[in-house]
Amino acid sequence: MSSTLAPARAPVFSPAAVVASCVGFVLIGALQALYGPAIPAFREEFGLSPSGAGLGLSAHFVGGVAGVLLFDRLFGRIGNRRILGASYLLMALGAAGFALAPNWPTALAAALLAGLGFGGIDYGLNQLFAVGFGHRSTAMLNILNAHFGVGAILGPALIGVVGAGHYPAVFLGFALANLPLLLCLKGVRNQAPQPSGTAPDSPGALGRSLASVLCVFVALYVLHVGIEAGVGGWEPTHLQTVGYGAGVAATATSVYWLMMTVGRFLVAPIALRFSAQAIITVSCAGMTV
């Protein structure tokens, strides 16, 4: 009996893998937030209209959605290390390709590739953190996602410091930063843990309930991503249009990500005291206000 239970109690992450996972979320946060402040440089380098330059962010989001859907199909079929390793490599290749692209169509293809890796990391680590820490899983999940905000703050701030025209160097640095994380994947348990629970008494009723919750969640998620893309992606362009400098516009964008990050860090200890339902209800009310 004891030999059977031992593997199930093995930790999903080693301490080093937890740190590396948080760094991974810093990177995906930075990647998403880099495109918006660099739009003026895209326009100048490739001769694009504002909407044409915005396709870089769109390609990233399309890749991200495709990555989530793809790795959802693969989750549990192949090892967690392979999923995360492939995702880090896709992000690195996509970011490097975007930095070195000789024309805009090639850059869009690279952004799509980077987004595919982004989706794999986003889905894979969220899935594992949601079930990998017992009663602390909700708090750890919020801490993980708070590091996304850290990266989203640092990305625009870095563009503001070095200048939008130096975006290729920033994307290349991002690509290289992914590679050391591959060494920490040996600290991730390779088989997906299963959430604890008992079989439902009424599968049909549970299915209808889950479908309703899923529809509401998808609607909220679409609105959330729309706000992220609108503020994080287009605020720099808007501020420059009304007369602010590129550095000021990029730095101002970091304020949005800063407040999101503060909220995620604050909710981590709250999650240990209150249910997920209560937290979601209060958060939705706050967003509405």
# chains A, B, ... in the order shown; residues from 1 in each chain; ligands from 1

$ closest_atom_pairs --of "stretch 49-116 of chain A" --to "stretch 125-133 of chain A" --cutoff "10 Å" --atoms "only C-alpha atoms" --output "CSV"
residue,atom,partner,partner_atom,distance
A:Asp72,CA,A:Gln127,CA,9.4
A:Phe75,CA,A:Gln127,CA,9.2
A:Asn80,CA,A:Leu128,CA,8.7
A:Ile83,CA,A:Leu125,CA,9.9
A:Leu84,CA,A:Leu125,CA,8.0

$ closest_atom_pairs --of "stretch 28-107 of chain A" --to "stretch 147-167 of chain A" --cutoff "7 Å" --atoms "only C-alpha atoms" --output "CSV"
residue,atom,partner,partner_atom,distance
A:Ile28,CA,A:Phe148,CA,6.5
A:Gly29,CA,A:Phe148,CA,4.3
A:Ala30,CA,A:Gly151,CA,4.2
A:Ala33,CA,A:Ala152,CA,5.2
A:Leu34,CA,A:Gly155,CA,5.3
A:Pro37,CA,A:Pro156,CA,6.0
A:Ala38,CA,A:Ala164,CA,4.9
A:Ala41,CA,A:Gly165,CA,5.3

$ residues_around --residues "A:Ser283" --least-positions-apart "6" --cutoff "10 Å" --atoms "only C-alpha atoms" --output "PyMOL selection string"
chain A and resi 263+267+277+289

$ closest_residue --among "A:Ala177, A:Leu112, A:Ile78, A:Ala17" --to "A:Ala66" --atoms "only C-alpha atoms"
A:Leu112

$ closest_residue --among "A:Thr251, A:Asn145, A:Ser212, A:Thr237" --to "A:Ser21" --atoms "only C-alpha atoms"
A:Asn145
